[in-house]
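*Asks:* Got a structure for you, run_26.tsv, holding TSV, C-alpha atoms.
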```
chain	number	residue	atom	x	y	z
Z	1368	MET	CA	181.36	207.18	203.58
Z	1369	LYS	CA	179.07	205.23	205.85
Z	1370	LYS	CA	178.72	201.59	204.97
Z	1371	ILE	CA	175.16	200.59	204.10
Z	1372	ARG	CA	174.00	197.58	206.01
Z	1373	PRO	CA	172.38	194.82	203.92
Z	1374	ARG	CA	168.97	195.29	205.55
Z	1375	ARG	CA	168.89	198.95	204.56
Z	1376	LYS	CA	169.97	198.07	201.05
Z	1377	LYS	CA	167.03	195.69	200.79
Z	1378	ALA	CA	164.62	198.34	202.08
Z	1379	ALA	CA	165.93	200.80	199.50
Z	1380	ALA	CA	165.36	198.24	196.75
Z	1381	THR	CA	161.79	197.76	197.99
Z	1382	ASP	CA	161.24	201.52	197.97
Z	1383	GLN	CA	162.47	201.63	194.39
Z	1384	ARG	CA	160.09	198.84	193.41
Z	1385	VAL	CA	157.17	200.61	195.06
Z	1386	LEU	CA	158.01	203.89	193.35
Z	1387	HIS	CA	158.32	202.10	190.04
Z	1388	SER	CA	154.91	200.37	190.47
Z	1389	LYS	CA	153.22	203.59	191.53
Z	1390	LYS	CA	154.62	205.40	188.51
Z	1391	ALA	CA	153.49	202.61	186.18
Z	1392	VAL	CA	149.98	202.64	187.66
Z	1393	LEU	CA	149.64	206.43	187.33
Z	1394	ALA	CA	150.97	206.34	183.76
Z	1395	ALA	CA	148.55	203.56	182.80
Z	1396	THR	CA	145.66	205.44	184.41
Z	1397	TYR	CA	146.53	208.60	182.53
Z	1398	GLU	CA	146.82	206.72	179.24
Z	1399	LEU	CA	143.44	205.05	179.74
Z	1400	LEU	CA	141.94	208.43	180.63
Z	1401	SER	CA	143.27	210.01	177.43
Z	1402	MET	CA	142.14	207.13	175.28
Z	1403	GLU	CA	138.76	206.33	176.76
Z	1404	GLY	CA	137.81	209.02	179.29
Z	1405	LEU	CA	136.89	208.35	182.91
Z	1406	GLY	CA	134.61	205.49	181.87
Z	1407	GLY	CA	137.62	203.52	180.61
Z	1408	VAL	CA	139.38	203.58	183.96
Z	1409	THR	CA	138.67	200.54	186.09
Z	1410	VAL	CA	141.18	199.10	188.54
Z	1411	ASP	CA	141.07	195.95	186.40
Z	1412	ALA	CA	142.06	197.81	183.25
Z	1413	VAL	CA	144.76	199.78	185.07
Z	1414	SER	CA	146.21	196.59	186.54
Z	1415	LYS	CA	146.26	194.90	183.12
Z	1416	ARG	CA	147.85	197.86	181.36
Z	1417	SER	CA	150.49	198.57	184.02
Z	1418	GLY	CA	151.28	194.95	184.85
Z	1419	VAL	CA	150.85	195.82	188.54
Z	1420	ALA	CA	148.64	193.45	190.58
Z	1421	LYS	CA	145.21	194.73	191.62
Z	1422	THR	CA	146.01	194.15	195.30
Z	1423	THR	CA	149.05	196.42	194.92
Z	1424	VAL	CA	146.96	199.09	193.20
Z	1425	TYR	CA	144.45	198.99	196.06
Z	1426	ARG	CA	147.27	199.14	198.62
Z	1427	HIS	CA	148.29	202.60	197.35
Z	1428	TRP	CA	144.92	203.90	196.20
Z	1429	PRO	CA	142.03	202.65	198.35
Z	1430	SER	CA	139.46	203.41	195.62
Z	1431	ARG	CA	139.13	204.08	191.92
Z	1432	THR	CA	138.16	207.69	192.72
Z	1433	VAL	CA	141.34	208.31	194.71
Z	1434	LEU	CA	143.37	206.89	191.83
Z	1435	LEU	CA	141.53	209.12	189.35
Z	1436	LEU	CA	142.12	212.20	191.48
Z	1437	ASP	CA	145.81	211.39	191.72
Z	1438	ALA	CA	146.22	210.77	187.98
Z	1439	CYS	CA	144.24	213.87	187.00
Z	1440	SER	CA	146.30	216.08	189.28
Z	1441	GLN	CA	149.13	215.58	186.78
Z	1442	MET	CA	147.19	217.05	183.90
Z	1443	GLY	CA	149.68	219.90	183.50
Z	1444	THR	CA	147.22	222.67	182.79
Z	1445	LYS	CA	149.19	225.28	184.71
Z	1446	ALA	CA	150.64	228.23	182.79
Z	1447	GLN	CA	153.39	230.66	183.87
Z	1448	PRO	CA	152.35	234.33	183.98
Z	1449	PRO	CA	154.51	236.34	181.53
Z	1450	ASP	CA	155.67	239.90	182.31
Z	1451	THR	CA	156.04	241.84	179.07
Z	1452	GLY	CA	155.13	245.16	180.68
Z	1453	SER	CA	151.77	245.45	178.94
Z	1454	LEU	CA	148.56	243.66	179.92
Z	1455	LYS	CA	147.54	243.21	176.30
Z	1456	ASN	CA	150.86	241.58	175.42
Z	1457	ASP	CA	150.79	239.44	178.55
Z	1458	LEU	CA	147.29	238.22	177.74
Z	1459	GLU	CA	148.15	237.59	174.09
Z	1460	THR	CA	151.18	235.55	175.14
Z	1461	LEU	CA	149.20	233.53	177.67
Z	1462	THR	CA	146.22	233.04	175.37
Z	1463	ALA	CA	148.45	231.91	172.50
Z	1464	GLN	CA	150.07	229.45	174.92
Z	1465	VAL	CA	146.73	227.93	175.90
Z	1466	ALA	CA	145.44	227.99	172.30
Z	1467	GLY	CA	148.60	226.20	171.18
Z	1468	ARG	CA	148.04	223.38	173.66
Z	1469	LEU	CA	144.31	222.92	173.28
Z	1470	PRO	CA	144.24	221.00	169.97
Z	1471	THR	CA	146.66	218.24	170.96
Z	1472	ALA	CA	147.48	218.15	174.70
Z	1473	PRO	CA	146.35	214.82	176.20
Z	1474	TRP	CA	144.55	216.53	179.10
Z	1475	THR	CA	142.14	218.15	176.63
Z	1476	ARG	CA	140.76	214.70	175.81
Z	1477	ILE	CA	140.28	213.99	179.53
Z	1478	MET	CA	138.60	217.27	180.51
Z	1479	PRO	CA	135.13	216.47	179.08
Z	1480	SER	CA	134.85	213.29	181.12
Z	1481	VAL	CA	135.98	215.13	184.26
Z	1482	ILE	CA	133.31	217.78	183.61
Z	1483	ASP	CA	130.73	215.09	182.93
Z	1484	ALA	CA	131.56	213.29	186.18
Z	1485	ALA	CA	131.62	216.61	188.06
Z	1486	GLU	CA	127.95	217.09	187.18
Z	1487	ARG	CA	127.14	214.17	189.47
Z	1488	ASP	CA	130.12	213.50	191.76
Z	1489	SER	CA	131.22	216.06	194.36
Z	1490	LYS	CA	134.78	214.67	194.63
Z	1491	LEU	CA	135.31	215.05	190.91
Z	1492	ALA	CA	133.64	218.47	191.06
Z	1493	ALA	CA	136.30	219.46	193.60
Z	1494	LEU	CA	138.99	218.10	191.27
Z	1495	GLN	CA	137.59	220.08	188.34
Z	1496	LYS	CA	137.61	223.20	190.49
Z	1497	ARG	CA	141.28	222.65	191.32
Z	1498	ILE	CA	142.24	222.05	187.67
Z	1499	HIS	CA	140.33	225.15	186.68
Z	1500	ALA	CA	141.95	227.30	189.38
Z	1501	GLU	CA	145.38	226.20	188.11
Z	1502	MET	CA	144.42	227.01	184.56
Z	1503	ARG	CA	143.13	230.51	185.26
Z	1504	GLY	CA	145.78	231.37	187.86
Z	1505	ALA	CA	148.21	233.00	185.42
Z	1506	PHE	CA	145.43	235.05	183.79
Z	1507	GLN	CA	144.20	236.22	187.17
Z	1508	SER	CA	147.64	237.32	188.25
Z	1509	VAL	CA	148.47	239.39	185.12
Z	1510	ILE	CA	145.06	241.09	185.21
Z	1511	GLU	CA	145.28	241.90	188.92
Z	1512	GLY	CA	148.84	243.12	188.40
Z	1513	ALA	CA	147.64	245.51	185.69
Z	1514	GLN	CA	144.89	246.77	187.99
Z	1515	GLN	CA	147.39	247.45	190.76
Z	1516	LYS	CA	149.57	249.43	188.33
Z	1517	GLY	CA	146.48	251.34	187.18
Z	1518	GLU	CA	146.82	250.03	183.62
Z	1519	ILE	CA	143.13	249.07	183.65
Z	1520	SER	CA	140.30	250.13	185.91
Z	1521	ALA	CA	140.09	248.40	189.27
Z	1522	SER	CA	136.33	248.27	188.77
Z	1523	LEU	CA	136.66	245.69	185.98
Z	1524	ASP	CA	135.97	242.14	187.11
Z	1525	PRO	CA	138.98	239.90	186.34
Z	1526	ALA	CA	136.64	236.87	186.24
Z	1527	GLU	CA	134.71	238.50	183.38
Z	1528	ILE	CA	137.85	239.18	181.36
Z	1529	ILE	CA	138.96	235.58	181.91
Z	1530	ALA	CA	135.54	234.27	180.80
Z	1531	ALA	CA	135.86	236.44	177.68
Z	1532	ILE	CA	139.23	234.80	176.90
Z	1533	LEU	CA	139.01	231.19	178.05
Z	1534	GLY	CA	135.34	230.97	177.01
Z	1535	PRO	CA	135.85	231.37	173.24
Z	1536	LEU	CA	138.98	229.17	173.35
Z	1537	PHE	CA	137.25	226.31	175.14
Z	1538	TYR	CA	134.17	226.78	172.95
Z	1539	ARG	CA	136.23	226.20	169.82
Z	1540	ARG	CA	138.10	223.25	171.29
Z	1541	TRP	CA	135.14	221.35	172.72
Z	1542	PHE	CA	131.92	222.73	171.24
Z	1543	SER	CA	132.29	224.10	167.72
Z	1544	ARG	CA	135.61	222.30	167.08
Z	1545	GLU	CA	136.82	225.19	164.92
Z	1546	PRO	CA	140.48	226.20	164.48
Z	1547	LEU	CA	142.28	228.35	167.06
Z	1548	ASN	CA	144.57	230.44	164.88
Z	1549	ASP	CA	146.64	233.55	165.72
Z	1550	HIS	CA	144.05	235.88	164.24
Z	1551	PHE	CA	141.34	234.40	166.46
Z	1552	VAL	CA	143.55	234.61	169.56
Z	1553	LYS	CA	144.36	238.29	168.94
Z	1554	ASN	CA	140.70	239.19	168.43
Z	1555	VAL	CA	139.68	237.28	171.55
Z	1556	VAL	CA	142.07	239.35	173.67
Z	1557	THR	CA	141.02	242.62	172.00
Z	1558	ARG	CA	137.35	241.88	172.70
Z	1559	ALA	CA	138.10	240.83	176.28
Z	1560	LEU	CA	139.78	244.19	176.96
Z	1561	ALA	CA	137.23	246.27	175.04
Z	1562	SER	CA	135.66	249.14	176.90
Z	1563	ILE	CA	132.36	248.04	178.34
Z	1564	SER	CA	131.40	251.45	179.72
Z	1565	GLU	CA	128.50	251.72	177.30
Z	1566	SER	CA	126.63	248.82	178.91
C	916	MET	CA	81.78	207.41	157.87
C	917	LYS	CA	83.57	204.33	156.66
C	918	LYS	CA	83.19	201.31	158.91
C	919	ILE	CA	86.47	200.10	160.37
C	920	ARG	CA	86.96	196.38	159.89
C	921	PRO	CA	88.06	194.44	163.01
C	922	ARG	CA	91.46	193.60	161.52
C	923	ARG	CA	92.22	197.27	160.97
C	924	LYS	CA	91.05	198.07	164.47
C	925	LYS	CA	93.49	195.50	165.80
C	926	ALA	CA	96.29	196.95	163.69
C	927	ALA	CA	95.52	200.40	165.01
C	928	ALA	CA	95.68	199.11	168.58
C	929	THR	CA	99.06	197.53	167.82
C	930	ASP	CA	100.28	200.81	166.35
C	931	GLN	CA	99.22	202.60	169.53
C	932	ARG	CA	101.05	200.05	171.66
C	933	VAL	CA	104.20	200.44	169.55
C	934	LEU	CA	104.02	204.22	169.76
C	935	HIS	CA	103.53	204.00	173.50
C	936	SER	CA	106.53	201.66	173.95
C	937	LYS	CA	108.76	203.80	171.77
C	938	LYS	CA	107.81	206.90	173.73
C	939	ALA	CA	108.47	205.13	177.05
C	940	VAL	CA	111.88	203.91	175.83
C	941	LEU	CA	112.94	207.37	174.63
C	942	ALA	CA	111.75	208.99	177.87
C	943	ALA	CA	113.63	206.43	179.97
C	944	THR	CA	116.77	206.92	177.88
C	945	TYR	CA	116.58	210.68	178.28
C	946	GLU	CA	116.07	210.38	182.03
C	947	LEU	CA	119.04	208.04	182.39
C	948	LEU	CA	121.13	210.43	180.28
C	949	SER	CA	120.23	213.39	182.49
C	950	MET	CA	120.88	211.47	185.68
C	951	GLU	CA	124.00	209.52	184.80
C	952	GLY	CA	125.35	210.71	181.44
C	953	LEU	CA	125.98	208.47	178.46
C	954	GLY	CA	127.71	205.91	180.67
C	955	GLY	CA	124.43	205.24	182.47
C	956	VAL	CA	122.61	204.26	179.29
C	957	THR	CA	122.65	200.54	178.59
C	958	VAL	CA	119.83	198.72	176.83
C	959	ASP	CA	119.40	196.75	180.06
C	960	ALA	CA	118.91	199.87	182.17
C	961	VAL	CA	116.56	201.42	179.60
C	962	SER	CA	114.48	198.25	179.47
C	963	LYS	CA	114.24	198.11	183.25
C	964	ARG	CA	113.30	201.77	183.61
C	965	SER	CA	110.74	201.82	180.79
C	966	GLY	CA	109.25	198.39	181.44
C	967	VAL	CA	109.71	197.60	177.73
C	968	ALA	CA	111.36	194.26	176.91
C	969	LYS	CA	114.93	194.34	175.59
C	970	THR	CA	113.89	192.48	172.43
C	971	THR	CA	111.36	195.24	171.72
C	972	VAL	CA	113.98	197.94	172.32
C	973	TYR	CA	116.31	196.23	169.85
C	974	ARG	CA	113.48	195.87	167.31
C	975	HIS	CA	113.17	199.65	167.07
C	976	TRP	CA	116.77	200.66	167.74
C	977	PRO	CA	119.27	198.14	166.40
C	978	SER	CA	122.04	199.40	168.70
C	979	ARG	CA	122.65	201.46	171.82
C	980	THR	CA	124.24	204.18	169.69
C	981	VAL	CA	121.15	204.52	167.48
C	982	LEU	CA	119.00	204.80	170.60
C	983	LEU	CA	121.33	207.45	172.06
C	984	LEU	CA	121.25	209.45	168.84
C	985	ASP	CA	117.46	209.33	168.79
C	986	ALA	CA	117.08	210.35	172.46
C	987	CYS	CA	119.64	213.15	172.15
C	988	SER	CA	117.95	214.59	169.09
C	989	GLN	CA	115.16	215.67	171.46
C	990	MET	CA	117.47	217.82	173.56
C	991	GLY	CA	115.60	220.98	172.65
C	992	THR	CA	118.57	223.29	172.30
C	993	LYS	CA	117.08	225.24	169.41
C	994	ALA	CA	116.30	228.94	169.90
C	995	GLN	CA	114.04	231.19	167.82
C	996	PRO	CA	115.75	234.24	166.28
C	997	PRO	CA	114.11	237.43	167.62
C	998	ASP	CA	113.63	240.50	165.41
C	999	THR	CA	113.75	243.62	167.56
C	1000	GLY	CA	115.21	245.79	164.79
C	1001	SER	CA	118.65	246.10	166.41
C	1002	LEU	CA	121.40	243.50	166.37
C	1003	LYS	CA	122.48	244.36	169.92
C	1004	ASN	CA	118.93	243.89	171.23
C	1005	ASP	CA	118.47	240.70	169.24
C	1006	LEU	CA	121.71	239.28	170.63
C	1007	GLU	CA	120.89	240.35	174.18
C	1008	THR	CA	117.49	238.67	173.92
C	1009	LEU	CA	118.94	235.45	172.51
C	1010	THR	CA	121.87	235.41	174.93
C	1011	ALA	CA	119.58	235.97	177.91
C	1012	GLN	CA	117.42	233.10	176.64
C	1013	VAL	CA	120.38	230.71	176.50
C	1014	ALA	CA	121.80	231.97	179.81
C	1015	GLY	CA	118.40	231.43	181.41
C	1016	ARG	CA	118.31	227.80	180.33
C	1017	LEU	CA	121.90	226.82	181.03
C	1018	PRO	CA	121.71	226.45	184.82
C	1019	THR	CA	118.78	224.03	184.93
C	1020	ALA	CA	117.80	222.59	181.52
C	1021	PRO	CA	118.21	218.79	181.56
C	1022	TRP	CA	120.20	218.81	178.29
C	1023	THR	CA	122.95	220.79	179.99
C	1024	ARG	CA	123.69	217.79	182.19
C	1025	ILE	CA	123.87	215.55	179.11
C	1026	MET	CA	126.12	217.76	176.96
C	1027	PRO	CA	129.42	216.97	178.74
C	1028	SER	CA	129.00	213.24	178.17
C	1029	VAL	CA	128.12	213.83	174.51
C	1030	ILE	CA	131.28	215.95	174.13
C	1031	ASP	CA	133.31	213.33	175.95
C	1032	ALA	CA	132.03	210.56	173.67
C	1033	ALA	CA	132.52	212.78	170.60
C	1034	GLU	CA	136.24	212.86	171.37
C	1035	ARG	CA	136.39	209.18	170.48
C	1036	ASP	CA	133.25	208.20	168.54
C	1037	SER	CA	132.56	209.66	165.09
C	1038	LYS	CA	128.79	208.98	165.24
C	1039	LEU	CA	128.49	210.93	168.47
C	1040	ALA	CA	130.77	213.61	167.02
C	1041	ALA	CA	128.25	213.97	164.19
C	1042	LEU	CA	125.45	214.21	166.77
C	1043	GLN	CA	127.32	216.90	168.70
C	1044	LYS	CA	127.81	218.82	165.45
C	1045	ARG	CA	124.07	218.69	164.78
C	1046	ILE	CA	123.16	219.82	168.32
C	1047	HIS	CA	125.67	222.64	168.06
C	1048	ALA	CA	124.39	223.77	164.65
C	1049	GLU	CA	120.86	223.95	166.10
C	1050	MET	CA	122.12	225.93	169.06
C	1051	ARG	CA	124.02	228.53	167.06
C	1052	GLY	CA	121.49	228.76	164.21
C	1053	ALA	CA	119.49	231.66	165.69
C	1054	PHE	CA	122.68	233.63	166.45
C	1055	GLN	CA	123.98	233.07	162.95
C	1056	SER	CA	120.76	234.28	161.37
C	1057	VAL	CA	120.47	237.53	163.37
C	1058	ILE	CA	124.15	238.38	162.72
C	1059	GLU	CA	123.92	237.64	159.00
C	1060	GLY	CA	120.67	239.61	158.82
C	1061	ALA	CA	122.43	242.63	160.40
C	1062	GLN	CA	125.27	242.30	157.89
C	1063	GLN	CA	122.83	242.27	154.98
C	1064	LYS	CA	121.17	245.43	156.31
C	1065	GLY	CA	124.60	247.03	156.71
C	1066	GLU	CA	124.17	247.34	160.49
C	1067	ILE	CA	127.61	245.78	161.01
C	1068	SER	CA	130.49	245.27	158.63
C	1069	ALA	CA	130.23	242.32	156.27
C	1070	SER	CA	133.93	241.70	156.92
C	1071	LEU	CA	133.24	240.58	160.51
C	1072	ASP	CA	133.19	236.82	160.94
C	1073	PRO	CA	129.83	235.70	162.44
C	1074	ALA	CA	131.55	232.59	163.85
C	1075	GLU	CA	133.88	234.84	165.89
C	1076	ILE	CA	131.01	236.85	167.31
C	1077	ILE	CA	129.21	233.62	168.22
C	1078	ALA	CA	132.35	232.26	169.91
C	1079	ALA	CA	132.58	235.53	171.87
C	1080	ILE	CA	129.00	235.02	173.10
C	1081	LEU	CA	128.46	231.28	173.54
C	1082	GLY	CA	132.06	230.79	174.73
C	1083	PRO	CA	131.81	232.78	177.99
C	1084	LEU	CA	128.31	231.38	178.64
C	1085	PHE	CA	129.40	227.76	178.24
C	1086	TYR	CA	132.58	228.49	180.17
C	1087	ARG	CA	130.58	229.63	183.18
C	1088	ARG	CA	128.13	226.74	182.95
C	1089	TRP	CA	130.61	223.90	182.54
C	1090	PHE	CA	134.09	225.13	183.47
C	1091	SER	CA	134.14	227.85	186.11
C	1092	ARG	CA	130.57	227.14	187.27
C	1093	GLU	CA	130.01	230.83	188.03
C	1094	PRO	CA	126.62	232.59	187.88
C	1095	LEU	CA	125.18	233.81	184.58
C	1096	ASN	CA	123.41	237.00	185.62
C	1097	ASP	CA	121.94	239.84	183.50
C	1098	HIS	CA	124.97	242.03	184.02
C	1099	PHE	CA	127.27	239.30	182.70
C	1100	VAL	CA	125.01	238.64	179.70
C	1101	LYS	CA	124.96	242.34	178.75
C	1102	ASN	CA	128.74	242.65	179.00
C	1103	VAL	CA	129.25	239.49	176.96
C	1104	VAL	CA	127.20	240.93	174.09
C	1105	THR	CA	128.91	244.34	174.33
C	1106	ARG	CA	132.35	242.71	174.15
C	1107	ALA	CA	131.28	240.45	171.28
C	1108	LEU	CA	130.23	243.49	169.21
C	1109	ALA	CA	133.22	245.64	170.22
C	1110	SER	CA	135.24	247.17	167.43
C	1111	ILE	CA	138.21	244.93	166.68
C	1112	SER	CA	139.71	247.22	164.05
C	1113	GLU	CA	142.73	247.94	166.26
C	1114	SER	CA	143.95	244.34	166.07
```
Would you give me this structure, written as structure tokens?

*Replies:*
Amino acid sequence: MKKIRPRRKKAAATDQRVLHSKKAVLAATYELLSMEGLGGVTVDAVSKRSGVAKTTVYRHWPSRTVLLLDACSQMGTKAQPPDTGSLKNDLETLTAQVAGRLPTAPWTRIMPSVIDAAERDSKLAALQKRIHAEMRGAFQSVIEGAQQKGEISASLDPAEIIAAILGPLFYRRWFSREPLNDHFVKNVVTRALASISES
Amino acid sequence: MKKIRPRRKKAAATDQRVLHSKKAVLAATYELLSMEGLGGVTVDAVSKRSGVAKTTVYRHWPSRTVLLLDACSQMGTKAQPPDTGSLKNDLETLTAQVAGRLPTAPWTRIMPSVIDAAERDSKLAALQKRIHAEMRGAFQSVIEGAQQKGEISASLDPAEIIAAILGPLFYRRWFSREPLNDHFVKNVVTRALASISES
């Protein structure tokens, strides 16, 4: 094994310290976001909570917005597309997954402040778009897969089916604040796949 | 006609001034809300924008929260239930009405910050509940009317039908930010009323 020279050892220790600080700053930012929304995140508050000096925070994230974007990108809203062989089952599995997370996942407390900020701030609007694309990705891929196999008509608009599924779920989580039980989830998927030829 | 004594005249003038100040304060609060969300509303900013002294603002609204509640209660989210004789037509009319307002109505820019605050503040959660009840009231009444007439089964849950309608609309306005055209509105209502007996 190659012998590590002292100078390199010192550099490695510095790298470790930097990594550690960056992790602490991102964790503190995410905690503040969950507790207080975007409004609660100032570089001051993040510095206090993480114990990392403000100058260090600014060294890695030149502005509060950049820090917010970085912290929000870890929201973990991505789902894995299942492959049960039937679109209805795939969608029920996915929808139940999302419905299971909505009541308690920390990112659900952050979303409203991201949406609020996105109404006025183009950088945060771009962030919201990215989060949303991640969230709907799995739905999109199972629906398009079913269209390719001919399981449902290629003339159906996947974006409409997704709106018919995520819409009612999000509505219950953030607007009506009603429960998201299994019965509701099943009916949401049934309605989303209902024939709309009569319209 | 009874002669107005000078003292009463003076009192009436004071009343007018008070009314005028209150109106100016509420208008300024609403404007700040639309432009910047709840975060933009401080008594300082409202006083500056309305030209009404802070002490006067506090005389009528003992706290920022009370002022917010008062300003938000004028959001104008209420719809009138139509009566076309058919539930499908009634719902299409109502849904088109809401979809028509969502892209541009000032209250739609305020809603996300109310929802965000409601995640953490019980008074604003109560306000959100009230706004939401006003918004869904017309839907509730046409659906329940149709159930009483036997047009749809009494076993269907009106809250589920409403979630299937308002959900996709709100989803497009605040989450996916996709257009809310006539075609979408019609399909949303068709899906909401689809038979769910197979589930």

*Asks:* Hey, which of Z:Leu1547, Z:Ala1530, Z:Ala1521, Z:Ala1380 ends up closest to chain C? Count all atoms listed in the file.

*Replies:*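 Among Z:Leu1547, Z:Ala1530, Z:Ala1521, Z:Ala1380, it is Z:Ala1530 that comes nearest to chain C.
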
*Asks:* Which of these, Z:Pro1429, Z:Tyr1538, Z:Ala1531, Z:Gly1404, has the shortest distance to Ser1028 in chain C once you count only C-alpha atoms?

*Replies:*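 Among Z:Pro1429, Z:Tyr1538, Z:Ala1531, Z:Gly1404, it is Z:Gly1404 that comes nearest to Ser1028 in chain C.
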
*Asks:* Which residues are near Ser1001 in chain C? Cut-off 12 Å, only C-alpha atoms, ignore same chain within fewer than 2 positions. Put them as a ChimeraX atom specification.

*Replies:* /C:997-999,1003-1008,1057-1058,1060-1062,1064-1067

*Asks:* May I have a table of the residues of chain Z lying at most 9 Å from chain C, giving each one's closest pair of atoms and their distance in Å to one decimal, counting all atoms listed in the file, ordered by chain and ascending residue number, as JSON lines?

*Replies:*
```
{"residue": "Z:Met1402", "atom": "CA", "partner": "C:Arg1035", "partner_atom": "CA", "distance": 7.8}
{"residue": "Z:Glu1403", "atom": "CA", "partner": "C:Arg1035", "partner_atom": "CA", "distance": 7.3}
{"residue": "Z:Gly1404", "atom": "CA", "partner": "C:Asp1031", "partner_atom": "CA", "distance": 7.1}
{"residue": "Z:Gly1406", "atom": "CA", "partner": "C:Gly954", "partner_atom": "CA", "distance": 7.0}
{"residue": "Z:Arg1476", "atom": "CA", "partner": "C:Glu1034", "partner_atom": "CA", "distance": 6.6}
{"residue": "Z:Ile1477", "atom": "CA", "partner": "C:Asp1031", "partner_atom": "CA", "distance": 7.9}
{"residue": "Z:Met1478", "atom": "CA", "partner": "C:Asp1031", "partner_atom": "CA", "distance": 8.0}
{"residue": "Z:Pro1479", "atom": "CA", "partner": "C:Asp1031", "partner_atom": "CA", "distance": 4.8}
{"residue": "Z:Ser1480", "atom": "CA", "partner": "C:Asp1031", "partner_atom": "CA", "distance": 5.4}
{"residue": "Z:Val1481", "atom": "CA", "partner": "C:Pro1027", "partner_atom": "CA", "distance": 8.8}
{"residue": "Z:Ile1482", "atom": "CA", "partner": "C:Pro1027", "partner_atom": "CA", "distance": 6.3}
{"residue": "Z:Asp1483", "atom": "CA", "partner": "C:Pro1027", "partner_atom": "CA", "distance": 4.8}
{"residue": "Z:Ala1484", "atom": "CA", "partner": "C:Gly952", "partner_atom": "CA", "distance": 8.2}
{"residue": "Z:Glu1486", "atom": "CA", "partner": "C:Arg1024", "partner_atom": "CA", "distance": 6.6}
{"residue": "Z:Arg1487", "atom": "CA", "partner": "C:Glu951", "partner_atom": "CA", "distance": 7.3}
{"residue": "Z:Gln1495", "atom": "CA", "partner": "C:Phe1090", "partner_atom": "CA", "distance": 7.8}
{"residue": "Z:Lys1496", "atom": "CA", "partner": "C:Ser1091", "partner_atom": "CA", "distance": 7.3}
{"residue": "Z:His1499", "atom": "CA", "partner": "C:Ser1091", "partner_atom": "CA", "distance": 6.8}
{"residue": "Z:Ala1500", "atom": "CA", "partner": "C:Ser1091", "partner_atom": "CA", "distance": 8.5}
{"residue": "Z:Glu1527", "atom": "CA", "partner": "C:Phe1099", "partner_atom": "CA", "distance": 7.5}
{"residue": "Z:Ile1529", "atom": "CA", "partner": "C:Pro1083", "partner_atom": "CA", "distance": 8.6}
{"residue": "Z:Ala1530", "atom": "CA", "partner": "C:Pro1083", "partner_atom": "CA", "distance": 4.9}
{"residue": "Z:Ala1531", "atom": "CA", "partner": "C:Pro1083", "partner_atom": "CA", "distance": 5.5}
{"residue": "Z:Ile1532", "atom": "CA", "partner": "C:Pro1083", "partner_atom": "CA", "distance": 7.8}
{"residue": "Z:Leu1533", "atom": "CA", "partner": "C:Tyr1086", "partner_atom": "CA", "distance": 7.3}
{"residue": "Z:Gly1534", "atom": "CA", "partner": "C:Gly1082", "partner_atom": "CA", "distance": 4.0}
{"residue": "Z:Pro1535", "atom": "CA", "partner": "C:Gly1082", "partner_atom": "CA", "distance": 4.1}
{"residue": "Z:Leu1536", "atom": "CA", "partner": "C:Gly1082", "partner_atom": "CA", "distance": 7.2}
{"residue": "Z:Phe1537", "atom": "CA", "partner": "C:Gly1082", "partner_atom": "CA", "distance": 6.9}
{"residue": "Z:Tyr1538", "atom": "CA", "partner": "C:Gly1082", "partner_atom": "CA", "distance": 4.9}
{"residue": "Z:Arg1539", "atom": "CA", "partner": "C:Ala1078", "partner_atom": "CA", "distance": 7.2}
{"residue": "Z:Trp1541", "atom": "CA", "partner": "C:Ile1030", "partner_atom": "CA", "distance": 6.8}
{"residue": "Z:Phe1542", "atom": "CA", "partner": "C:His1047", "partner_atom": "CA", "distance": 7.0}
{"residue": "Z:Ser1543", "atom": "CA", "partner": "C:His1047", "partner_atom": "CA", "distance": 6.8}
{"residue": "Z:Arg1544", "atom": "CA", "partner": "C:Lys1044", "partner_atom": "CA", "distance": 8.7}
{"residue": "Z:His1550", "atom": "CA", "partner": "C:Ser1114", "partner_atom": "CA", "distance": 8.7}
{"residue": "Z:Phe1551", "atom": "CA", "partner": "C:Glu1075", "partner_atom": "CA", "distance": 7.5}
{"residue": "Z:Lys1553", "atom": "CA", "partner": "C:Ser1114", "partner_atom": "CA", "distance": 6.7}
{"residue": "Z:Asn1554", "atom": "CA", "partner": "C:Ile1111", "partner_atom": "CA", "distance": 6.5}
{"residue": "Z:Val1555", "atom": "CA", "partner": "C:Ala1079", "partner_atom": "CA", "distance": 7.3}
{"residue": "Z:Thr1557", "atom": "CA", "partner": "C:Ile1111", "partner_atom": "CA", "distance": 6.4}
{"residue": "Z:Arg1558", "atom": "CA", "partner": "C:Arg1106", "partner_atom": "CA", "distance": 5.3}
{"residue": "Z:Ala1559", "atom": "CA", "partner": "C:Arg1106", "partner_atom": "CA", "distance": 6.4}
{"residue": "Z:Leu1560", "atom": "CA", "partner": "C:Arg1106", "partner_atom": "CA", "distance": 8.1}
{"residue": "Z:Ala1561", "atom": "CA", "partner": "C:Arg1106", "partner_atom": "CA", "distance": 6.1}
{"residue": "Z:Ser1562", "atom": "CA", "partner": "C:Arg1106", "partner_atom": "CA", "distance": 7.7}
{"residue": "Z:Ile1563", "atom": "CA", "partner": "C:Thr1105", "partner_atom": "CA", "distance": 6.5}
{"residue": "Z:Glu1565", "atom": "CA", "partner": "C:Thr1105", "partner_atom": "CA", "distance": 8.0}
{"residue": "Z:Ser1566", "atom": "CA", "partner": "C:Asn1102", "partner_atom": "CA", "distance": 6.5}
```

*Asks:* Grab the CA of Arg1468 in chain Z to CA of Cys1439 in chain Z distance for me, in Å with one decimal place.

*Replies:*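 Rounded to one decimal, the two atoms are 16.8 Å apart.
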